[in-house]
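Data file: final_34.cif. Format and content: mmCIF, C-alpha atoms.
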data_target
#
loop_
_atom_site.label_atom_id
_atom_site.label_comp_id
_atom_site.auth_asym_id
_atom_site.auth_seq_id
_atom_site.Cartn_x
_atom_site.Cartn_y
_atom_site.Cartn_z
CA SER O 1 7.21 -18.28 27.20
CA GLY O 2 5.11 -20.76 29.12
CA VAL O 3 3.11 -18.03 30.85
CA PRO O 4 -0.63 -18.67 30.55
CA ARG O 5 -2.48 -16.00 28.52
CA GLU O 6 -4.82 -15.28 31.42
CA ASP O 7 -1.78 -14.27 33.52
CA VAL O 8 -0.76 -11.54 31.04
CA PHE O 9 -2.59 -8.21 30.64
CA VAL O 10 -2.21 -7.03 27.04
CA THR O 11 -2.87 -3.43 26.02
CA THR O 12 -2.86 -1.89 22.56
CA LYS O 13 -3.91 1.45 21.14
CA VAL O 14 -5.46 3.01 18.06
CA SER O 15 -3.17 5.66 16.62
CA PRO O 16 -4.30 9.05 15.28
CA TYR O 17 -3.75 7.60 11.78
CA GLU O 18 -6.29 4.83 12.50
CA MET O 19 -9.23 6.88 13.75
CA GLY O 20 -12.68 5.99 12.41
CA LEU O 21 -15.13 3.10 12.50
CA ALA O 22 -13.55 0.82 9.90
CA GLU O 23 -10.00 2.04 10.46
CA ALA O 24 -9.98 1.38 14.21
CA ARG O 25 -11.47 -2.10 13.78
CA GLU O 26 -8.93 -2.96 11.09
CA ALA O 27 -6.09 -1.65 13.28
CA LEU O 28 -7.21 -3.79 16.22
CA GLU O 29 -7.55 -6.89 14.07
CA ARG O 30 -4.11 -6.24 12.57
CA GLU O 31 -2.57 -5.90 16.04
CA LEU O 32 -4.21 -9.13 17.18
CA GLY O 33 -2.70 -10.89 14.17
CA LEU O 34 0.75 -9.45 14.83
CA LEU O 35 0.53 -10.45 18.48
CA GLY O 36 -0.89 -13.88 17.69
CA LEU O 37 -3.78 -13.31 20.09
CA ASP O 38 -7.54 -13.71 19.99
CA TYR O 39 -8.17 -10.69 22.24
CA VAL O 40 -6.49 -7.86 24.14
CA ASP O 41 -7.44 -6.86 27.64
CA LEU O 42 -7.45 -3.13 26.93
CA ALA O 43 -7.70 -1.13 23.72
CA LEU O 44 -6.99 2.59 24.01
CA VAL O 45 -7.38 5.65 21.82
CA HIS O 46 -3.81 6.97 21.64
CA TRP O 47 -4.81 10.58 20.97
CA PRO O 48 -8.33 12.01 20.66
CA GLY O 49 -7.77 13.51 17.24
CA VAL O 50 -7.07 12.63 13.65
CA ALA O 51 -3.46 12.89 12.50
CA ARG O 52 -2.45 15.89 10.41
CA LYS O 53 -5.62 17.88 11.03
CA PRO O 54 -5.72 21.28 12.77
CA PRO O 55 -6.74 21.13 16.45
CA GLY O 56 -10.11 22.81 15.83
CA ALA O 57 -11.12 20.67 12.85
CA ALA O 58 -14.65 19.27 13.04
CA VAL O 59 -13.43 15.85 11.89
CA HIS O 60 -12.00 15.14 15.36
CA ALA O 61 -15.38 14.82 17.09
CA SER O 62 -16.86 12.46 14.52
CA ALA O 63 -13.66 10.41 14.33
CA ARG O 64 -13.59 10.07 18.14
CA ALA O 65 -17.21 8.91 18.19
CA ASP O 66 -16.64 6.42 15.36
CA THR O 67 -13.45 5.10 16.93
CA TRP O 68 -15.17 4.67 20.29
CA ARG O 69 -18.03 2.84 18.58
CA ALA O 70 -15.53 0.53 16.87
CA LEU O 71 -13.90 -0.27 20.21
CA GLU O 72 -17.29 -0.94 21.81
CA ARG O 73 -18.13 -3.35 18.99
CA ALA O 74 -14.74 -5.03 19.36
CA ARG O 75 -15.49 -5.49 23.06
CA ASP O 76 -18.89 -6.94 22.25
CA ASP O 77 -17.23 -9.31 19.77
CA GLY O 78 -14.71 -10.48 22.39
CA LEU O 79 -11.68 -8.84 20.78
CA ALA O 80 -11.00 -6.38 23.59
#
Could you render the structure as structure tokens?
Amino acid sequence: SGVPREDVFVTTKVSPYEMGLAEAREALERELGLLGLDYVDLALVHWPGVARKPPGAAVHASARADTWRALERARDDGLA
């Protein structure tokens, strides 16, 4: 498009199907590949729970923490 990368703010998100330490990292790397980018400016957690689990399930808290940790590591690695 001729627009310099630094002039575009790119956001992506981790879906409820991609929650977890390895899953969130893999999802972000997959998105970067699909977008043809080295980094995104913002990576979000789409929904703070795991898909297809009841609202009160204990897995949500650990998945949120692991997903957040994955996004922090991605930031530290320059991916987000």
Selected residue of minimal separation from Leu37 of chain O among O:Val8, O:Ala57, O:Val14, O:Ala65, counting only C-alpha atoms: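 Counting only C-alpha atoms, the residue closest to Leu37 of chain O is O:Val8.
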Residues within 7 Å of Thr11 of chain O, only C-alpha atoms, excluding chain neighbours under 2 positions, as a list in words: Phe9, Lys13, Val40, Asp41, Leu42 and Ala43 of chain O
Would you mind listing what lies within 12 Å of Arg73 of chain O as number ranges by chain, with all atoms listed in the file counted and same-chain residues fewer than 2 positions away left out? O: 21-22, 24-25, 28, 43, 66-71, 75-80
Who sits within 12 Å of Leu35 of chain O, all atoms listed in the file, same chain under 3 positions skipped, as a count of residues only: 12
What's the 8 Å shell around Ala63 of chain O, counting all atoms listed in the file, without same-chain residues fewer than 5 positions away, as a compact mmCIF listing (two decimals) with C-alpha atoms, keeping the file's coordinate frame?
# COMPACT_ATOMS: atom_id res chain seq x y z
CA MET O 19 -9.23 6.88 13.75
CA GLY O 20 -12.68 5.99 12.41
CA LEU O 21 -15.13 3.10 12.50
CA GLY O 49 -7.77 13.51 17.24
CA VAL O 50 -7.07 12.63 13.65
Can you tell me how far atom CA of Ser62 of chain O sits from atom CA of Leu44 of chain O, in Å to one decimal?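 Atom CA of Leu44 of chain O lies at a distance of 16.9 Å from atom CA of Ser62 of chain O.
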O:Gly33, O:Glu26, O:Glu18, O:Asp7: which is nearest Arg64 of chain O, counting only C-alpha atoms?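 Once distances to Arg64 of chain O are computed over only C-alpha atoms, the minimum belongs to O:Glu18.
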What's the separation between atom CA of Val59 of chain O and atom CA of Ala74 of chain O, in Å to one decimal place?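 Going from atom CA of Val59 of chain O over to atom CA of Ala74 of chain O, I get 22.2 Å.
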Up to 9 Å from (-1.9, 10.4, 21.2) in the file's coordinates: name the residues, counting all atoms listed in the file, as a compact mmCIF listing (two decimals) with C-alpha atoms, in the frame of the given file.
# COMPACT_ATOMS: atom_id res chain seq x y z
CA VAL O 14 -5.46 3.01 18.06
CA SER O 15 -3.17 5.66 16.62
CA PRO O 16 -4.30 9.05 15.28
CA VAL O 45 -7.38 5.65 21.82
CA HIS O 46 -3.81 6.97 21.64
CA TRP O 47 -4.81 10.58 20.97
CA PRO O 48 -8.33 12.01 20.66
CA GLY O 49 -7.77 13.51 17.24
Could I get segment 26-41 of chain O from the block written out with all heavy atoms, as a PDB file, in the first residue's frame?
ATOM      1  N   GLU O  26       1.478 -19.270  20.293  1.00  0.00           N
ATOM      2  CA  GLU O  26       1.316 -19.835  18.952  1.00  0.00           C
ATOM      3  C   GLU O  26       0.306 -19.033  18.135  1.00  0.00           C
ATOM      4  O   GLU O  26       0.513 -18.794  16.935  1.00  0.00           O
ATOM      5  CB  GLU O  26       0.871 -21.293  19.044  1.00  0.00           C
ATOM      6  CG  GLU O  26       1.957 -22.208  19.578  1.00  0.00           C
ATOM      7  CD  GLU O  26       1.435 -23.584  19.982  1.00  0.00           C
ATOM      8  OE1 GLU O  26       0.248 -23.884  19.744  1.00  0.00           O
ATOM      9  OE2 GLU O  26       2.226 -24.350  20.546  1.00  0.00           O
ATOM     10  N   ALA O  27      -0.775 -18.601  18.768  1.00  0.00           N
ATOM     11  CA  ALA O  27      -1.792 -17.807  18.074  1.00  0.00           C
ATOM     12  C   ALA O  27      -1.205 -16.480  17.601  1.00  0.00           C
ATOM     13  O   ALA O  27      -1.445 -16.061  16.458  1.00  0.00           O
ATOM     14  CB  ALA O  27      -2.984 -17.558  18.997  1.00  0.00           C
ATOM     15  N   LEU O  28      -0.435 -15.826  18.448  1.00  0.00           N
ATOM     16  CA  LEU O  28       0.174 -14.552  18.068  1.00  0.00           C
ATOM     17  C   LEU O  28       1.162 -14.753  16.923  1.00  0.00           C
ATOM     18  O   LEU O  28       1.155 -13.989  15.947  1.00  0.00           O
ATOM     19  CB  LEU O  28       0.859 -13.905  19.270  1.00  0.00           C
ATOM     20  CG  LEU O  28       1.532 -12.564  18.989  1.00  0.00           C
ATOM     21  CD1 LEU O  28       0.547 -11.548  18.416  1.00  0.00           C
ATOM     22  CD2 LEU O  28       2.178 -12.035  20.252  1.00  0.00           C
ATOM     23  N   GLU O  29       1.984 -15.765  17.013  1.00  0.00           N
ATOM     24  CA  GLU O  29       2.949 -16.027  15.940  1.00  0.00           C
ATOM     25  C   GLU O  29       2.235 -16.368  14.631  1.00  0.00           C
ATOM     26  O   GLU O  29       2.670 -15.943  13.557  1.00  0.00           O
ATOM     27  CB  GLU O  29       3.900 -17.142  16.351  1.00  0.00           C
ATOM     28  CG  GLU O  29       4.866 -16.712  17.439  1.00  0.00           C
ATOM     29  CD  GLU O  29       5.762 -17.822  17.954  1.00  0.00           C
ATOM     30  OE1 GLU O  29       5.552 -19.003  17.573  1.00  0.00           O
ATOM     31  OE2 GLU O  29       6.665 -17.519  18.746  1.00  0.00           O
ATOM     32  N   ARG O  30       1.139 -17.099  14.716  1.00  0.00           N
ATOM     33  CA  ARG O  30       0.360 -17.433  13.522  1.00  0.00           C
ATOM     34  C   ARG O  30      -0.219 -16.161  12.897  1.00  0.00           C
ATOM     35  O   ARG O  30      -0.159 -15.967  11.676  1.00  0.00           O
ATOM     36  CB  ARG O  30      -0.748 -18.427  13.877  1.00  0.00           C
ATOM     37  CG  ARG O  30      -1.537 -18.914  12.688  1.00  0.00           C
ATOM     38  CD  ARG O  30      -2.564 -19.995  13.034  1.00  0.00           C
ATOM     39  NE  ARG O  30      -3.458 -19.629  14.123  1.00  0.00           N
ATOM     40  CZ  ARG O  30      -3.372 -20.095  15.369  1.00  0.00           C
ATOM     41  NH1 ARG O  30      -2.437 -20.970  15.698  1.00  0.00           N
ATOM     42  NH2 ARG O  30      -4.217 -19.722  16.298  1.00  0.00           N
ATOM     43  N   GLU O  31      -0.770 -15.288  13.725  1.00  0.00           N
ATOM     44  CA  GLU O  31      -1.320 -14.028  13.224  1.00  0.00           C
ATOM     45  C   GLU O  31      -0.243 -13.172  12.561  1.00  0.00           C
ATOM     46  O   GLU O  31      -0.484 -12.573  11.514  1.00  0.00           O
ATOM     47  CB  GLU O  31      -1.987 -13.237  14.356  1.00  0.00           C
ATOM     48  CG  GLU O  31      -3.307 -13.812  14.800  1.00  0.00           C
ATOM     49  CD  GLU O  31      -4.346 -13.795  13.693  1.00  0.00           C
ATOM     50  OE1 GLU O  31      -4.497 -12.773  12.988  1.00  0.00           O
ATOM     51  OE2 GLU O  31      -5.019 -14.822  13.513  1.00  0.00           O
ATOM     52  N   LEU O  32       0.919 -13.109  13.175  1.00  0.00           N
ATOM     53  CA  LEU O  32       2.013 -12.340  12.577  1.00  0.00           C
ATOM     54  C   LEU O  32       2.355 -12.888  11.197  1.00  0.00           C
ATOM     55  O   LEU O  32       2.580 -12.118  10.250  1.00  0.00           O
ATOM     56  CB  LEU O  32       3.245 -12.361  13.485  1.00  0.00           C
ATOM     57  CG  LEU O  32       3.117 -11.556  14.773  1.00  0.00           C
ATOM     58  CD1 LEU O  32       4.305 -11.829  15.691  1.00  0.00           C
ATOM     59  CD2 LEU O  32       2.994 -10.071  14.476  1.00  0.00           C
ATOM     60  N   GLY O  33       2.395 -14.207  11.074  1.00  0.00           N
ATOM     61  CA  GLY O  33       2.671 -14.824   9.781  1.00  0.00           C
ATOM     62  C   GLY O  33       1.597 -14.498   8.754  1.00  0.00           C
ATOM     63  O   GLY O  33       1.905 -14.166   7.602  1.00  0.00           O
ATOM     64  N   LEU O  34       0.344 -14.584   9.164  1.00  0.00           N
ATOM     65  CA  LEU O  34      -0.757 -14.278   8.253  1.00  0.00           C
ATOM     66  C   LEU O  34      -0.744 -12.817   7.816  1.00  0.00           C
ATOM     67  O   LEU O  34      -1.068 -12.505   6.667  1.00  0.00           O
ATOM     68  CB  LEU O  34      -2.105 -14.603   8.917  1.00  0.00           C
ATOM     69  CG  LEU O  34      -2.401 -16.082   9.143  1.00  0.00           C
ATOM     70  CD1 LEU O  34      -3.645 -16.248  10.006  1.00  0.00           C
ATOM     71  CD2 LEU O  34      -2.578 -16.792   7.808  1.00  0.00           C
ATOM     72  N   LEU O  35      -0.368 -11.943   8.742  1.00  0.00           N
ATOM     73  CA  LEU O  35      -0.316 -10.518   8.433  1.00  0.00           C
ATOM     74  C   LEU O  35       0.975 -10.115   7.712  1.00  0.00           C
ATOM     75  O   LEU O  35       1.063  -9.022   7.168  1.00  0.00           O
ATOM     76  CB  LEU O  35      -0.440  -9.695   9.734  1.00  0.00           C
ATOM     77  CG  LEU O  35      -1.783  -9.784  10.443  1.00  0.00           C
ATOM     78  CD1 LEU O  35      -1.678  -9.202  11.850  1.00  0.00           C
ATOM     79  CD2 LEU O  35      -2.855  -9.074   9.637  1.00  0.00           C
ATOM     80  N   GLY O  36       1.974 -10.990   7.759  1.00  0.00           N
ATOM     81  CA  GLY O  36       3.261 -10.662   7.150  1.00  0.00           C
ATOM     82  C   GLY O  36       4.003  -9.586   7.915  1.00  0.00           C
ATOM     83  O   GLY O  36       4.700  -8.763   7.326  1.00  0.00           O
ATOM     84  N   LEU O  37       3.861  -9.620   9.246  1.00  0.00           N
ATOM     85  CA  LEU O  37       4.475  -8.596  10.098  1.00  0.00           C
ATOM     86  C   LEU O  37       5.442  -9.230  11.090  1.00  0.00           C
ATOM     87  O   LEU O  37       5.340 -10.415  11.403  1.00  0.00           O
ATOM     88  CB  LEU O  37       3.394  -7.849  10.892  1.00  0.00           C
ATOM     89  CG  LEU O  37       2.376  -7.061  10.075  1.00  0.00           C
ATOM     90  CD1 LEU O  37       1.294  -6.497  10.990  1.00  0.00           C
ATOM     91  CD2 LEU O  37       3.049  -5.946   9.286  1.00  0.00           C
ATOM     92  N   ASP O  38       6.350  -8.400  11.587  1.00  0.00           N
ATOM     93  CA  ASP O  38       7.282  -8.827  12.631  1.00  0.00           C
ATOM     94  C   ASP O  38       6.724  -8.581  14.026  1.00  0.00           C
ATOM     95  O   ASP O  38       7.170  -9.183  14.994  1.00  0.00           O
ATOM     96  CB  ASP O  38       8.616  -8.087  12.498  1.00  0.00           C
ATOM     97  CG  ASP O  38       9.325  -8.408  11.200  1.00  0.00           C
ATOM     98  OD1 ASP O  38       9.214  -9.561  10.734  1.00  0.00           O
ATOM     99  OD2 ASP O  38       9.977  -7.509  10.647  1.00  0.00           O
ATOM    100  N   TYR O  39       5.783  -7.641  14.134  1.00  0.00           N
ATOM    101  CA  TYR O  39       5.201  -7.301  15.438  1.00  0.00           C
ATOM    102  C   TYR O  39       3.842  -6.659  15.241  1.00  0.00           C
ATOM    103  O   TYR O  39       3.514  -6.179  14.152  1.00  0.00           O
ATOM    104  CB  TYR O  39       6.104  -6.339  16.219  1.00  0.00           C
ATOM    105  CG  TYR O  39       6.166  -4.948  15.615  1.00  0.00           C
ATOM    106  CD1 TYR O  39       5.342  -3.933  16.091  1.00  0.00           C
ATOM    107  CD2 TYR O  39       7.038  -4.646  14.574  1.00  0.00           C
ATOM    108  CE1 TYR O  39       5.375  -2.661  15.534  1.00  0.00           C
ATOM    109  CE2 TYR O  39       7.090  -3.391  14.015  1.00  0.00           C
ATOM    110  CZ  TYR O  39       6.255  -2.398  14.499  1.00  0.00           C
ATOM    111  OH  TYR O  39       6.280  -1.146  13.949  1.00  0.00           O
ATOM    112  N   VAL O  40       3.020  -6.702  16.285  1.00  0.00           N
ATOM    113  CA  VAL O  40       1.772  -5.935  16.343  1.00  0.00           C
ATOM    114  C   VAL O  40       1.941  -4.894  17.434  1.00  0.00           C
ATOM    115  O   VAL O  40       2.767  -5.037  18.333  1.00  0.00           O
ATOM    116  CB  VAL O  40       0.540  -6.825  16.626  1.00  0.00           C
ATOM    117  CG1 VAL O  40       0.278  -7.772  15.465  1.00  0.00           C
ATOM    118  CG2 VAL O  40       0.668  -7.576  17.929  1.00  0.00           C
ATOM    119  N   ASP O  41       1.157  -3.847  17.343  1.00  0.00           N
ATOM    120  CA  ASP O  41       1.249  -2.775  18.331  1.00  0.00           C
ATOM    121  C   ASP O  41       0.456  -3.084  19.596  1.00  0.00           C
ATOM    122  O   ASP O  41       0.772  -2.576  20.669  1.00  0.00           O
ATOM    123  CB  ASP O  41       0.752  -1.467  17.715  1.00  0.00           C
ATOM    124  CG  ASP O  41       1.596  -1.083  16.514  1.00  0.00           C
ATOM    125  OD1 ASP O  41       2.748  -0.677  16.711  1.00  0.00           O
ATOM    126  OD2 ASP O  41       1.120  -1.247  15.373  1.00  0.00           O
TER     127      ASP O  41
END
